[in-house]
Amino acid sequence: MKNKSRQNGVLYCVIGTLMFVFTVFYIAPNSGGAADRIIGEIVSNVSAGQSVVKNMSSSKTNEKNGESADTATAAAEPKNDSVAAPLLENETASGNDSAQSEPGAPYETPDDIAAMSSEYISAFSKTAPAGKVTECFFTNNGATASVGNIHIKNTTSKKPDFAALLKEGAKTGIKDVSAPSVLIFHTHTTESYLMADNGVFYSDYKTRSTDPTRNMVRVGDEICCRLEEKGIGVIHDTNIYDDTYNGAYGRSRKTVLEYLEKYPTIKIVLDVHRDAVYTTDTDHLKPVCEINGKKAAQVMIITGADGGPVAQFDHWEENLKFALALQSRAQKEHEGLMKPVYFCNRRYNMDVTPCSLLLEFGSDANTLDEAVYAASLLGESLAGLICDSASK
């Protein structure tokens, strides 16, 4: 039995190695969708030293790979004026009617999220779990550089002086914070979360939803709330772009360009997502930290540059400075909230302004409450950064 187990182990290692090599040298270089930020990425020292492969399940990988041409072709897509008006119909300064946390008050689980959690637990009380949820905490996992309290994973061939860029600080270009200054949107709007922190997930519950009280719109709402309480003008686009994955980045790009034309005072553009981190199909990881005695999903900032599949990326260095400034402030104010900044050869529509980022709030194994709490915390830090920048 021992020899057979050892043989099986060797076989699994060989298969795993071949899959990794295929992913790194074929899938990643030819992919431009949001999944490329995670496919084949090796993350060490997670969950008491365990090595895990950050990867999607087979169905999720196929969904993400379906986007592969979006980022590469989005810049060349013509502006479609015929869809401009309906696309802007979902424009809102404060998202939807979901119950956001009270301005200035310590975060408490909103009543509607608590009710959804109770309904979820009741609905699945007699259902056998499909797998377990494992908590993990990211510090400098996979980082290639560190500056003080922040860590950066640089997968580009560029070698920026991160310390110097952090010292320079972010230049948002915002003069009047009360004018529309920030645009929040969601290329993968239907990404959603588990509803209860009970350590398991169920095959009959899908972490995709068109309900804005459950999906990424709800996370964006909380960021909006934190900005608005500081008097910052923010627009929240709640359109769904991922009803089909192919073309999602191209569709969201058209809308973003319409907003920038309509509101030239917008300087910060944030595409808000969640991640998915699996060790196996039956073991899903959720990046989580504890702040003020309450669990929050950890947040990853993605910022890009030209190189590899990206031929042109103007002002990538300004984006990077903004990413470093936000990362540093959030880590200082809410220690442990941030995963390492991911600096990569991807565009993800981050080339539209010098302060455009993609943000990932936890994974599909986090709860909605954990993600919304993280959004409240990061929103506070973002608001402070914007106000400080505008006052200079």
# chains A, B, ... in the order shown; residues from 1 in each chain; ligands from 1
>>> residues_around(residues="A:Asp306", least_positions_apart="3", cutoff="8 Å", atoms="only C-alpha atoms", output="JSON, numbers by chain")
{"A": [309, 310, 311, 312, 313, 316, 345, 346, 347]}
>>> residues_around(residues="stretch 320-329 of chain A", least_positions_apart="2", cutoff="10 Å", atoms="only C-alpha atoms", output="ChimeraX atom specification")
/A:147-152,160,162-172,268,299-305,315-318,331-335,337-343,354-359,378,380-386
>>> write_last_selection(atoms="C-alpha atoms", output="PDB file, in the first residue's frame")
ATOM      1  CA  VAL A 147       8.446  48.971   1.117  1.00  0.00           C
ATOM      2  CA  GLY A 148       7.664  49.485   4.769  1.00  0.00           C
ATOM      3  CA  ASN A 149       4.258  48.011   5.491  1.00  0.00           C
ATOM      4  CA  ILE A 150       3.346  47.199   1.897  1.00  0.00           C
ATOM      5  CA  HIS A 151       4.264  44.329  -0.396  1.00  0.00           C
ATOM      6  CA  ILE A 152       4.254  44.138  -4.182  1.00  0.00           C
ATOM      7  CA  PRO A 160      10.362  50.492 -10.750  1.00  0.00           C
ATOM      8  CA  PHE A 162       8.786  51.397  -5.506  1.00  0.00           C
ATOM      9  CA  ALA A 163      10.139  53.349  -2.543  1.00  0.00           C
ATOM     10  CA  ALA A 164      10.654  56.468  -4.672  1.00  0.00           C
ATOM     11  CA  LEU A 165       7.203  56.160  -6.250  1.00  0.00           C
ATOM     12  CA  LEU A 166       5.600  55.770  -2.829  1.00  0.00           C
ATOM     13  CA  LYS A 167       7.473  58.821  -1.573  1.00  0.00           C
ATOM     14  CA  GLU A 168       6.255  60.894  -4.538  1.00  0.00           C
ATOM     15  CA  GLY A 169       2.683  60.061  -3.602  1.00  0.00           C
ATOM     16  CA  ALA A 170      -0.442  59.952  -5.717  1.00  0.00           C
ATOM     17  CA  LYS A 171      -1.501  62.901  -7.847  1.00  0.00           C
ATOM     18  CA  THR A 172      -5.199  62.422  -8.424  1.00  0.00           C
ATOM     19  CA  ILE A 268     -10.387  57.896 -10.368  1.00  0.00           C
ATOM     20  CA  VAL A 299      -8.405  43.167  -0.687  1.00  0.00           C
ATOM     21  CA  MET A 300      -6.017  42.973  -3.634  1.00  0.00           C
ATOM     22  CA  ILE A 301      -5.133  45.960  -5.803  1.00  0.00           C
ATOM     23  CA  ILE A 302      -4.240  45.144  -9.401  1.00  0.00           C
ATOM     24  CA  THR A 303      -2.332  47.674 -11.482  1.00  0.00           C
ATOM     25  CA  GLY A 304      -0.879  47.116 -14.930  1.00  0.00           C
ATOM     26  CA  ALA A 305       1.782  48.113 -17.413  1.00  0.00           C
ATOM     27  CA  HIS A 315       0.673  56.569 -17.672  1.00  0.00           C
ATOM     28  CA  TRP A 316       1.099  53.137 -16.064  1.00  0.00           C
ATOM     29  CA  GLU A 317       3.577  54.667 -13.632  1.00  0.00           C
ATOM     30  CA  GLU A 318       0.935  57.115 -12.361  1.00  0.00           C
ATOM     31  CA  GLN A 331      -2.467  49.067   5.581  1.00  0.00           C
ATOM     32  CA  LYS A 332      -1.605  51.830   8.015  1.00  0.00           C
ATOM     33  CA  GLU A 333      -5.222  52.507   8.967  1.00  0.00           C
ATOM     34  CA  HIS A 334      -6.477  48.906   8.798  1.00  0.00           C
ATOM     35  CA  GLU A 335      -3.518  46.593   9.307  1.00  0.00           C
ATOM     36  CA  LEU A 337      -6.649  44.382   5.143  1.00  0.00           C
ATOM     37  CA  MET A 338      -4.512  44.334   2.013  1.00  0.00           C
ATOM     38  CA  LYS A 339      -2.983  41.468   0.071  1.00  0.00           C
ATOM     39  CA  PRO A 340       0.183  42.322  -1.915  1.00  0.00           C
ATOM     40  CA  VAL A 341      -0.310  44.730  -4.822  1.00  0.00           C
ATOM     41  CA  TYR A 342      -0.349  42.761  -8.066  1.00  0.00           C
ATOM     42  CA  PHE A 343       1.700  44.639 -10.702  1.00  0.00           C
ATOM     43  CA  PRO A 354      -3.913  57.884 -14.563  1.00  0.00           C
ATOM     44  CA  CYS A 355      -5.740  56.712 -11.419  1.00  0.00           C
ATOM     45  CA  SER A 356      -7.531  53.579 -12.608  1.00  0.00           C
ATOM     46  CA  LEU A 357      -7.313  50.313 -10.679  1.00  0.00           C
ATOM     47  CA  LEU A 358      -8.938  46.911 -10.456  1.00  0.00           C
ATOM     48  CA  LEU A 359      -9.862  45.923  -6.889  1.00  0.00           C
ATOM     49  CA  LEU A 378     -11.059  50.598   2.075  1.00  0.00           C
ATOM     50  CA  GLU A 380     -12.514  55.186   4.403  1.00  0.00           C
ATOM     51  CA  SER A 381      -8.877  55.034   3.346  1.00  0.00           C
ATOM     52  CA  LEU A 382      -9.682  56.032  -0.230  1.00  0.00           C
ATOM     53  CA  ALA A 383     -11.731  59.006   0.982  1.00  0.00           C
ATOM     54  CA  GLY A 384      -8.858  60.195   3.146  1.00  0.00           C
ATOM     55  CA  LEU A 385      -6.374  59.828   0.293  1.00  0.00           C
ATOM     56  CA  ILE A 386      -8.597  61.812  -2.079  1.00  0.00           C
TER      57      ILE A 386
END
>>> select_by_dssp(residues="stretch 215-343 of chain A", states="strand (DSSP E or B)", output="PyMOL selection string")
chain A and resi 215+233-237+268-275+277-280+283-291+294-297+299-304+307+310+338+341-343
>>> select_by_dssp(residues="stretch 117-279 of chain A", states="helix (DSSP H, G or I)", output="PDB file with C-alpha atoms, in the first residue's frame")
ATOM      1  CA  SER A 117     -27.599  34.836   6.070  1.00  0.00           C
ATOM      2  CA  SER A 118     -30.357  33.359   8.238  1.00  0.00           C
ATOM      3  CA  GLU A 119     -32.347  32.343   5.171  1.00  0.00           C
ATOM      4  CA  TYR A 120     -29.247  30.735   3.659  1.00  0.00           C
ATOM      5  CA  ILE A 121     -28.506  28.691   6.783  1.00  0.00           C
ATOM      6  CA  SER A 122     -32.113  27.556   6.977  1.00  0.00           C
ATOM      7  CA  ALA A 123     -32.320  26.654   3.297  1.00  0.00           C
ATOM      8  CA  PHE A 162       8.786  51.397  -5.506  1.00  0.00           C
ATOM      9  CA  ALA A 163      10.139  53.349  -2.543  1.00  0.00           C
ATOM     10  CA  ALA A 164      10.654  56.468  -4.672  1.00  0.00           C
ATOM     11  CA  LEU A 165       7.203  56.160  -6.250  1.00  0.00           C
ATOM     12  CA  LEU A 166       5.600  55.770  -2.829  1.00  0.00           C
ATOM     13  CA  LYS A 167       7.473  58.821  -1.573  1.00  0.00           C
ATOM     14  CA  GLU A 168       6.255  60.894  -4.538  1.00  0.00           C
ATOM     15  CA  MET A 216     -20.532  43.293  -6.610  1.00  0.00           C
ATOM     16  CA  VAL A 217     -22.924  46.238  -6.787  1.00  0.00           C
ATOM     17  CA  ARG A 218     -23.481  45.857  -3.057  1.00  0.00           C
ATOM     18  CA  VAL A 219     -19.743  46.086  -2.421  1.00  0.00           C
ATOM     19  CA  GLY A 220     -19.537  49.170  -4.626  1.00  0.00           C
ATOM     20  CA  ASP A 221     -22.432  50.731  -2.734  1.00  0.00           C
ATOM     21  CA  GLU A 222     -20.460  50.584   0.495  1.00  0.00           C
ATOM     22  CA  ILE A 223     -17.448  52.305  -1.046  1.00  0.00           C
ATOM     23  CA  CYS A 224     -19.779  54.999  -2.368  1.00  0.00           C
ATOM     24  CA  CYS A 225     -21.227  55.505   1.095  1.00  0.00           C
ATOM     25  CA  ARG A 226     -17.789  56.079   2.624  1.00  0.00           C
ATOM     26  CA  LEU A 227     -16.843  58.556  -0.108  1.00  0.00           C
ATOM     27  CA  GLU A 228     -20.103  60.463   0.010  1.00  0.00           C
ATOM     28  CA  ALA A 248     -17.320  41.851 -20.894  1.00  0.00           C
ATOM     29  CA  TYR A 249     -14.278  44.140 -20.746  1.00  0.00           C
ATOM     30  CA  GLY A 250     -15.103  45.656 -24.116  1.00  0.00           C
ATOM     31  CA  ARG A 251     -18.663  46.396 -23.016  1.00  0.00           C
ATOM     32  CA  SER A 252     -17.645  47.954 -19.717  1.00  0.00           C
ATOM     33  CA  ARG A 253     -14.966  50.014 -21.455  1.00  0.00           C
ATOM     34  CA  LYS A 254     -17.530  51.648 -23.738  1.00  0.00           C
ATOM     35  CA  THR A 255     -19.557  52.691 -20.731  1.00  0.00           C
ATOM     36  CA  VAL A 256     -16.549  54.026 -18.852  1.00  0.00           C
ATOM     37  CA  LEU A 257     -15.556  56.161 -21.837  1.00  0.00           C
ATOM     38  CA  GLU A 258     -19.101  57.544 -21.997  1.00  0.00           C
ATOM     39  CA  TYR A 259     -18.903  58.554 -18.331  1.00  0.00           C
ATOM     40  CA  LEU A 260     -15.512  60.206 -18.814  1.00  0.00           C
ATOM     41  CA  GLU A 261     -16.906  62.205 -21.716  1.00  0.00           C
ATOM     42  CA  LYS A 262     -19.995  63.232 -19.766  1.00  0.00           C
TER      43      LYS A 262
END
>>> atom_distance(atom1="atom CA of A:Pro264", atom2="atom CA of A:Cys344")
27.6 Å
>>> atom_distance(atom1="atom CA of A:Lys295", atom2="atom CA of A:Glu370")
5.9 Å
>>> atom_distance(atom1="atom CA of A:Thr207", atom2="atom CA of A:Tyr278")
13.9 Å
>>> closest_residue(among="A:His273, A:Arg208, A:Lys294, A:His284", to="A:Gly362", atoms="only C-alpha atoms")
A:His273
